[in-house]
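Note sheet for the following structure.
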Amino acid sequence: MVTTAETAPPPRRLDDVPGWFPVLDQVLFNWFLERQESAGMRGDLLEVGVYMGKSAIFLGRHLRDAEEFTVCDLFGGDAPDDANRAESSKSYSALTRRAFEENYLSFHDTLPRILQGPSSMVPGEVPPRSCRFVHIDGSHLYAHVHGDIGAAHDLLLPGGIVVLDDFRSEHTPGVSVAAWEAVLNRGLRPICLSTQKLYGTWGDPEPVQEELLAMAEGREDCHLSVQEAAGHRIVRLKSKGMQAPSFPPSRHADATEPRAAAIPAQPTQVTQATRPAQPAEPAAPPKRPVAPRSHARKLAVDLLPPVVTRAVRRARRRRRTV
């Protein structure tokens, strides 16, 4: 039997949800969102292009009272043009709205607001200046990404964050052109780059960059570098064995699996007082006694052929008399 999105077992953990959401980007999403929340910033969340819901599930955990989370995807529906239709058919033929909804409801009690259709419908459905965080991961075609970036500019609150996926992949040149064009000609200010995503703002990037640098410099699992390009300071980050932020298992997980509490913004030092109790390990079987070295040598000599044994003993006597 072939496993499809419709027949796959329900996810027990976030890692079970198909999709491309590297650990470094999970850490960065968490850091940017918690920074906004700690500063008292309120606003809606938006994701364009959800695939099976992995990053949307992660974003949904940061939704607070009086905020709205909107997602937009074709979900196998009609594409607005032939190029987008071909792209959707080639890369996302298995994606259905039902698969997304079932994955999302495995981790959350209610669905986000779902817009099924091209991303061009977003500006008419999401109020201007209403979002604090926008993740663009939809079509890879230049015209669509150009429009999505323009929509993000109009939808974001001052100081809001936009994240552009696949800005540097060899198979997505349309995203690369649209992203850097926005930096050079449309006022987008890059904050940082991960391997897969560009994080930016139309506000002042310096305060958030300074905090991000301080966070990254305090981690041993993150490679950090800073470059200047066309008048922009760009922070580059790369994982060095990062662990994903803690995330609760789904409703389908075994009752014995631990349920995480808050997502830590930074790795915390584990002390003896906070270390979870570990189950007692079974006692190791008793080790066989090892014969003393001299006895072992004597035994080895005794087992040798008589001619060799006599030669060894003569050599020992000669060493004693030297």
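If you're wondering about the labels, chains in the structure tokens are A, B, ... by order shown, residues count from 1 in each chain, ligands from 1 in order shown.
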
What are the DSSP strand (DSSP E) residues of region 36-254 of chain A, as a count of residues only?
-> 56

Using only C-alpha atoms, which residues sit within 8 Å of Gln116 (chain A) once same-chain residues fewer than 6 positions away are excluded, as a ChimeraX atom specification?
-> /A:72-75,77

Limited to all heavy atoms, could you put the picked residues into a file as a PDB file, in the first residue's frame?
```pdb
ATOM      1  N   CYS A  72      -2.651  30.960   3.828  1.00  0.00           N
ATOM      2  CA  CYS A  72      -3.146  31.000   2.451  1.00  0.00           C
ATOM      3  C   CYS A  72      -2.400  29.962   1.627  1.00  0.00           C
ATOM      4  O   CYS A  72      -1.165  29.898   1.677  1.00  0.00           O
ATOM      5  CB  CYS A  72      -2.967  32.392   1.855  1.00  0.00           C
ATOM      6  SG  CYS A  72      -3.526  32.534   0.132  1.00  0.00           S
ATOM      7  N   ASP A  73      -3.153  29.162   0.870  1.00  0.00           N
ATOM      8  CA  ASP A  73      -2.541  28.156   0.006  1.00  0.00           C
ATOM      9  C   ASP A  73      -3.555  27.735  -1.051  1.00  0.00           C
ATOM     10  O   ASP A  73      -4.765  27.811  -0.823  1.00  0.00           O
ATOM     11  CB  ASP A  73      -2.094  26.934   0.819  1.00  0.00           C
ATOM     12  CG  ASP A  73      -0.993  26.152   0.127  1.00  0.00           C
ATOM     13  OD1 ASP A  73      -1.261  25.559  -0.931  1.00  0.00           O
ATOM     14  OD2 ASP A  73       0.135  26.140   0.647  1.00  0.00           O
ATOM     15  N   LEU A  74      -3.040  27.273  -2.183  1.00  0.00           N
ATOM     16  CA  LEU A  74      -3.927  26.740  -3.221  1.00  0.00           C
ATOM     17  C   LEU A  74      -4.589  25.438  -2.781  1.00  0.00           C
ATOM     18  O   LEU A  74      -5.708  25.132  -3.188  1.00  0.00           O
ATOM     19  CB  LEU A  74      -3.136  26.481  -4.504  1.00  0.00           C
ATOM     20  CG  LEU A  74      -2.634  27.705  -5.277  1.00  0.00           C
ATOM     21  CD1 LEU A  74      -1.748  27.255  -6.433  1.00  0.00           C
ATOM     22  CD2 LEU A  74      -3.794  28.540  -5.783  1.00  0.00           C
ATOM     23  N   PHE A  75      -3.893  24.639  -1.979  1.00  0.00           N
ATOM     24  CA  PHE A  75      -4.402  23.336  -1.537  1.00  0.00           C
ATOM     25  C   PHE A  75      -4.911  22.502  -2.717  1.00  0.00           C
ATOM     26  O   PHE A  75      -5.962  21.852  -2.643  1.00  0.00           O
ATOM     27  CB  PHE A  75      -5.519  23.509  -0.504  1.00  0.00           C
ATOM     28  CG  PHE A  75      -5.062  24.072   0.810  1.00  0.00           C
ATOM     29  CD1 PHE A  75      -5.460  25.337   1.213  1.00  0.00           C
ATOM     30  CD2 PHE A  75      -4.225  23.359   1.641  1.00  0.00           C
ATOM     31  CE1 PHE A  75      -5.049  25.868   2.422  1.00  0.00           C
ATOM     32  CE2 PHE A  75      -3.802  23.878   2.854  1.00  0.00           C
ATOM     33  CZ  PHE A  75      -4.215  25.137   3.245  1.00  0.00           C
ATOM     34  N   GLY A  77      -6.068  23.552  -5.462  1.00  0.00           N
ATOM     35  CA  GLY A  77      -7.101  24.225  -6.242  1.00  0.00           C
ATOM     36  C   GLY A  77      -6.534  24.874  -7.491  1.00  0.00           C
ATOM     37  O   GLY A  77      -5.359  24.707  -7.838  1.00  0.00           O
TER      38      GLY A  77
END
```

Per-residue DSSP, region 115-173 of chain A, filtered to helix (DSSP H, G or I), as number ranges by chain = A: 119-125, 142-155, 173

Wanna dump the region 86-146 of chain A-region 170-194 of chain A contacts at 8 Å for me, each residue with its shortest atom pair and the distance in Å to one decimal, counting only C-alpha atoms, ordered by chain and number, as a tab-separated table?
```
residue	atom	partner	partner_atom	distance
A:His140	CA	A:Val175	CA	5.6
A:Leu141	CA	A:Gly174	CA	5.0
A:Tyr142	CA	A:Gly174	CA	4.0
A:Ala143	CA	A:Gly174	CA	7.8
A:Val145	CA	A:Val175	CA	6.2
A:His146	CA	A:Ala178	CA	5.4
```

Excluding Asp154 (chain A) and any residue of its chain fewer than 2 positions from it, enumerate the residues within 7 Å of it, using only C-alpha atoms, and give them as number ranges by chain.
-> A: 128-129, 150-152, 156

Of the listed residues A:Arg251, A:Leu237, A:Pro245, A:Ser120, that which approaches Gly147 (chain A) most closely, counting only C-alpha atoms | A:Ser120

Any idea what the distance is between CA of Val235 (chain A) and CA of Gly160 (chain A)?
->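 Atom-to-atom, CA of Val235 (chain A) and CA of Gly160 (chain A) are spaced 17.8 Å apart.
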
Skipping near chain neighbours, those fewer than 2 positions away, what residues fall within 7 Å of region 133-139 of chain A using only C-alpha atoms, listed as a VMD selection string?
-> chain A and resid 45 to 49 131 141 144 to 145 152 160 to 165

May I have the residues within 9 Å of region 13-27 of chain A as a ChimeraX atom specification, using only C-alpha atoms and disregarding those fewer than 3 positions away in the same chain?
-> /A:10,30-32,50-55,57-58,103,107,194-197,222,237-239,242-245,247-250,252-253,265-266

Could you state the separation of CA of Tyr104 (chain A) and CA of Phe69 (chain A) in Å, given to one decimal place?
->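 Those two atoms sit 12.4 Å apart.
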
Of the candidates A:Leu212, A:Val226, A:Ile234, A:Ile149, which shows the shortest atom-to-atom distance to Phe29 (chain A), using only C-alpha atoms?
->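 Looking at the shortest contact to Phe29 (chain A), the residue is A:Leu212.
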
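Between Gly203 (chain A) and the candidates A:Gly60, A:Gly43, A:Thr70, A:Arg132, the tightest atom-to-atom separation, counting only C-alpha atoms, involves A:Arg132.
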